[in-house]
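Here is input.cif, consisting of mmCIF, C-alpha atoms:
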data_input
loop_
_atom_site.label_atom_id
_atom_site.label_comp_id
_atom_site.auth_asym_id
_atom_site.auth_seq_id
_atom_site.Cartn_x
_atom_site.Cartn_y
_atom_site.Cartn_z
CA SER A 150 0.00 0.00 0.00
CA GLY A 151 1.28 3.45 -0.99
CA GLY A 152 4.97 4.15 -1.10
CA GLY A 153 7.31 4.99 -3.95
CA GLY A 154 10.17 2.92 -5.04
CA PRO A 155 10.67 0.34 -7.74
CA VAL A 156 7.72 -0.93 -9.73
CA PRO A 157 7.58 -4.72 -9.73
CA SER A 158 8.49 -6.12 -13.14
CA THR A 159 10.72 -8.56 -14.91
CA MET A 160 13.16 -5.74 -15.54
CA ASP A 161 16.07 -4.78 -13.35
CA PRO A 162 14.67 -4.00 -9.89
CA GLU A 163 16.96 -1.00 -9.67
CA THR A 164 15.02 0.71 -12.49
CA SER A 165 12.43 3.06 -11.03
CA LEU A 166 9.19 4.14 -12.69
CA ILE A 167 10.65 7.57 -13.34
CA GLN A 168 13.67 6.06 -15.07
CA ARG A 169 11.44 3.85 -17.23
CA LEU A 170 9.20 6.78 -18.21
CA GLU A 171 12.26 8.83 -19.11
CA GLU A 172 13.55 5.99 -21.30
CA ILE A 173 10.18 5.67 -23.04
CA GLU A 174 10.01 9.42 -23.59
CA LEU A 175 13.54 9.51 -24.99
CA ARG A 176 12.71 6.67 -27.40
CA HIS A 177 9.54 8.50 -28.44
CA LYS A 178 11.40 11.78 -28.93
CA LYS A 179 14.08 10.03 -30.96
CA SER A 180 11.46 8.65 -33.32
CA ASP A 181 10.05 12.18 -33.77
CA TYR A 182 13.40 13.43 -35.03
CA GLU A 183 14.52 10.46 -37.09
CA GLY A 184 12.99 8.89 -40.11
CA SER A 185 13.67 6.02 -42.39
CA ALA A 186 14.50 6.53 -46.03
CA GLU A 187 14.27 3.99 -48.82
CA ASP A 188 17.72 4.83 -50.15
CA PRO A 189 20.60 5.15 -47.73
CA GLY A 190 22.43 8.47 -47.78
CA ILE A 191 25.97 9.17 -46.66
CA ASP A 192 25.08 8.31 -43.05
CA GLY A 193 22.80 5.36 -43.85
CA LYS A 194 19.02 5.16 -43.82
CA GLU A 195 18.48 7.19 -40.66
CA VAL A 196 17.61 10.86 -41.14
CA THR A 197 18.43 13.29 -38.34
CA VAL A 198 16.77 16.68 -37.92
CA THR A 199 18.99 19.53 -36.75
CA ASN A 200 17.85 22.96 -35.61
CA VAL A 201 19.92 25.39 -37.68
CA ARG A 202 18.35 28.77 -36.94
CA GLU A 203 18.09 29.39 -33.25
CA GLY A 204 17.81 32.74 -31.59
CA MET A 205 16.29 36.10 -32.28
CA ARG A 206 16.18 37.69 -35.72
CA TYR A 207 15.69 41.41 -36.32
CA VAL A 208 14.73 43.14 -39.56
CA VAL A 209 16.57 46.47 -39.78
CA GLY A 210 16.46 49.32 -42.25
CA GLY A 211 12.88 48.89 -43.36
CA VAL A 212 11.59 47.21 -46.49
CA ILE A 213 13.78 47.67 -49.54
CA THR A 214 11.53 47.46 -52.59
CA PHE A 215 12.17 46.87 -56.30
CA GLU A 216 10.44 47.57 -59.57
CA PRO A 217 8.49 44.63 -61.06
CA GLY A 218 10.80 42.04 -62.61
CA SER A 219 13.93 43.98 -61.63
CA ALA A 220 16.84 43.37 -59.28
CA GLU A 221 18.24 46.88 -59.78
CA LEU A 222 18.54 49.08 -56.70
CA THR A 223 16.55 52.32 -56.79
CA SER A 224 17.88 55.44 -55.07
CA GLU A 225 15.39 54.77 -52.23
CA ALA A 226 16.70 51.20 -51.89
CA ARG A 227 20.30 52.46 -51.73
CA ALA A 228 19.32 54.95 -49.00
CA ALA A 229 17.58 52.19 -47.01
CA LEU A 230 20.65 49.94 -47.34
CA ARG A 231 22.93 52.78 -46.16
CA HIS A 232 20.64 53.25 -43.15
CA ALA A 233 20.74 49.49 -42.40
CA ALA A 234 24.53 49.50 -42.75
CA GLY A 235 24.74 52.19 -40.08
CA LEU A 236 22.88 49.88 -37.70
CA ILE A 237 24.93 46.73 -38.40
CA ARG A 238 28.41 48.23 -38.88
CA GLY A 239 31.02 47.25 -36.29
CA TYR A 240 29.37 44.01 -35.16
CA ASN A 241 30.12 40.38 -36.04
CA ASN A 242 26.56 39.10 -36.35
CA ILE A 243 25.51 37.19 -39.44
CA VAL A 244 23.19 39.32 -41.58
CA GLU A 245 20.74 37.63 -43.92
CA LEU A 246 19.65 39.45 -47.03
CA SER A 247 16.27 37.91 -47.61
CA GLY A 248 15.09 38.38 -51.21
CA HIS A 249 11.40 38.22 -52.12
CA ALA A 250 9.32 38.45 -55.27
CA GLY A 251 5.70 39.22 -56.07
CA SER A 252 3.71 36.38 -57.60
CA MET A 253 3.15 38.21 -60.94
CA GLU A 254 6.70 39.23 -61.88
CA VAL A 255 8.11 36.59 -64.20
CA THR A 256 6.77 36.81 -67.72
CA SER A 257 8.00 35.47 -71.02
CA GLY A 258 11.05 37.43 -72.09
CA SER A 259 12.04 38.13 -68.47
CA ASP A 260 15.71 38.18 -67.47
CA TYR A 261 14.83 35.69 -64.73
CA PRO A 262 13.44 32.20 -65.43
CA ASP A 263 11.53 32.00 -62.14
CA LEU A 264 10.71 33.89 -58.94
CA ALA A 265 13.39 32.12 -56.89
CA THR A 266 16.08 33.34 -59.29
CA LEU A 267 14.67 36.87 -59.20
CA SER A 268 14.49 36.95 -55.39
CA TYR A 269 18.07 35.63 -55.17
CA ALA A 270 19.24 38.30 -57.66
CA ARG A 271 17.68 40.97 -55.43
CA ALA A 272 19.43 39.62 -52.33
CA LYS A 273 22.74 39.43 -54.23
CA THR A 274 22.39 43.00 -55.54
CA ALA A 275 21.80 44.23 -51.97
CA ALA A 276 24.78 42.18 -50.69
CA ASP A 277 27.05 43.51 -53.43
CA TYR A 278 26.05 47.07 -52.53
CA LEU A 279 26.61 46.53 -48.78
CA ALA A 280 29.97 44.81 -49.34
CA GLY A 281 31.08 47.35 -51.96
CA ASP A 282 33.62 50.13 -51.51
CA GLU A 283 30.99 52.73 -50.62
CA ILE A 284 29.71 50.88 -47.53
CA GLY A 285 32.28 48.15 -46.80
CA ILE A 286 30.37 45.56 -44.75
CA ARG A 287 32.48 42.39 -44.60
CA ARG A 288 31.11 39.85 -47.08
CA GLU A 289 31.68 36.99 -44.62
CA ARG A 290 28.86 38.45 -42.52
CA LEU A 291 26.31 38.31 -45.34
CA ARG A 292 24.05 35.35 -46.16
CA LEU A 293 21.72 35.36 -49.15
CA VAL A 294 18.24 33.86 -48.96
CA ALA A 295 15.81 33.49 -51.87
CA ASN A 296 12.19 33.28 -50.75
CA ALA A 297 10.55 33.68 -54.18
CA GLU A 298 6.86 34.50 -53.61
CA TYR A 299 6.44 32.39 -50.45
CA GLU A 300 6.56 35.06 -47.72
CA PRO A 301 4.45 37.94 -49.00
CA LEU A 302 3.80 40.95 -46.77
CA ASN A 303 0.58 41.46 -48.72
CA PRO A 304 -0.76 37.98 -49.52
CA ARG A 305 -3.89 39.31 -51.20
CA ALA A 306 -2.10 41.47 -53.76
CA TYR A 307 -3.64 40.93 -57.17
CA ASN A 308 -1.99 43.75 -59.14
CA GLN A 309 1.53 45.20 -59.50
CA VAL A 310 0.83 48.21 -57.27
CA ASP A 311 -0.47 46.08 -54.39
CA GLN A 312 2.51 43.73 -54.76
CA THR A 313 5.08 46.50 -54.20
CA SER A 314 5.80 45.43 -50.60
CA ASN A 315 6.20 41.80 -51.75
CA ARG A 316 9.01 42.79 -54.18
CA ARG A 317 11.62 43.37 -51.53
CA VAL A 318 14.81 42.58 -49.69
CA GLU A 319 14.86 42.49 -45.91
CA VAL A 320 18.08 42.98 -43.93
CA VAL A 321 17.81 40.47 -41.09
CA VAL A 322 20.31 40.56 -38.22
CA THR A 323 20.66 37.19 -36.51
CA GLU A 324 22.13 36.28 -33.14
CA SER A 325 24.63 34.00 -34.89
CA LEU A 326 28.17 35.30 -35.04
CA VAL A 327 30.63 34.89 -37.89
CA LYS A 328 32.94 32.82 -35.64
CA ASP A 329 30.10 30.31 -35.08
CA PHE A 330 30.51 29.24 -38.71
CA GLN A 331 34.29 29.32 -38.95
CA GLY A 332 35.01 26.28 -36.77
CA GLN A 333 36.62 28.28 -33.96
#
Write-out of the structure in structure tokens:
Amino acid sequence: SGGGGPVPSTMDPETSLIQRLEEIELRHKKSDYEGSAEDPGIDGKEVTVTNVREGMRYVVGGVITFEPGSAELTSEARAALRHAAGLIRGYNNIVELSGHAGSMEVTSGSDYPDLATLSYARAKTAADYLAGDEIGIRRERLRLVANAEYEPLNPRAYNQVDQTSNRRVEVVVTESLVKDFQGQ
């Protein structure tokens, strides 16, 4: 009657209920993060999930917009990037340049075959400007991300004017430091 202690079983009497529950939970958690693939990869058939982007992320400098179908910086975009550079200069945080596109930008005859290529071109143009002689942000701090049309600020934009905010680059400061990715 009552009392804690070992639960009678055929298992090792030294194993308490708490220990058994922890083992079951660990096995359950492991199955949540691993899968089985038909074809073995480099590490075999087991797939492991790793959390890559931890920590806070801050968008600085406002939304840097582009003309439809273009990855060319406007004078307003250059001013916004200069403002963002003033906020990030002198630190060692990784900065993501997150390129976006509106859903109606790629047409036949476009310089870009798809929205992912266009959004990447926008991020690269912004990175080249920030890392250029005029501003001088270290290129090792910059990461380019192409989001295509998948993260619209205005998801119900059905014309070019309404899609203006979707045609953008965001300057995102992460908590990750450059040294975190240099094996130091």
### Query
Which residues fall under the PyMOL selection byres ((chain A and resi 286) around 10) in this file, as a ChimeraX atom specification?
/A:234-235,237-240,276-285,287-291
### Task
Run the PyMOL selection byres ((chain A and resi 303-311) around 10) against the file shown and list the residues it catches, as a ChimeraX atom specification.
/A:216-217,251-254,298-302,312-316
### Task
Give me, please, the distance in Å between CA of Val208 (chain A) and CA of Gln331 (chain A), quoted to one decimal.
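Answer for the CA of Val208 (chain A) to CA of Gln331 (chain A) separation: 24.0 Å.
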### Query
Which polymer residues have any atom within 6 Å of an atom of region 258-271 of chain A, counting only C-alpha atoms, with same-chain residues fewer than 4 positions away left out, as number ranges by chain?
A: 220, 248-250, 295, 297
### Query
Written as a count of residues only, what is the full residue list that the PyMOL selection byres ((chain A and resi 230) around 10) yields on the file shown?
26
### Query
Nearest to Gly204 (chain A) among A:Glu221, A:Asp329, A:Glu245, A:Glu324, with distances taken over only C-alpha atoms: which residue is it?
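Looking at the shortest contact to Gly204 (chain A), the residue is A:Glu324.
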Padding 3 Å on every side, please: axis-aligned box over the listed atoms of region 201-219 of chain A, centre and edge lengths to one decimal in Å, as JSON.
{"center_x": 14.2, "center_y": 37.4, "center_z": -47.1, "size_x": 17.4, "size_y": 29.9, "size_z": 37.0}
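For the atom pair formed by CA of Arg206 (chain A) and CA of Lys273 (chain A), the distance is 19.7 Å, given to one decimal.
We find CA of Lys328 (chain A) and CA of Asn296 (chain A) to be spaced 25.7 Å apart.
Comparing the minimum interatomic distances between Val322 (chain A) and each of A:Ala272, A:Val255, A:Leu293, A:Ile243, counting only C-alpha atoms, we find that A:Ile243 sits nearest.
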### Query
Between A:Met205, A:Glu172, A:Thr274, A:Phe330, which is the closest to Leu246 (chain A) once you count only C-alpha atoms?
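Nearest candidate to Leu246 (chain A) out of A:Met205, A:Glu172, A:Thr274, A:Phe330: A:Thr274.
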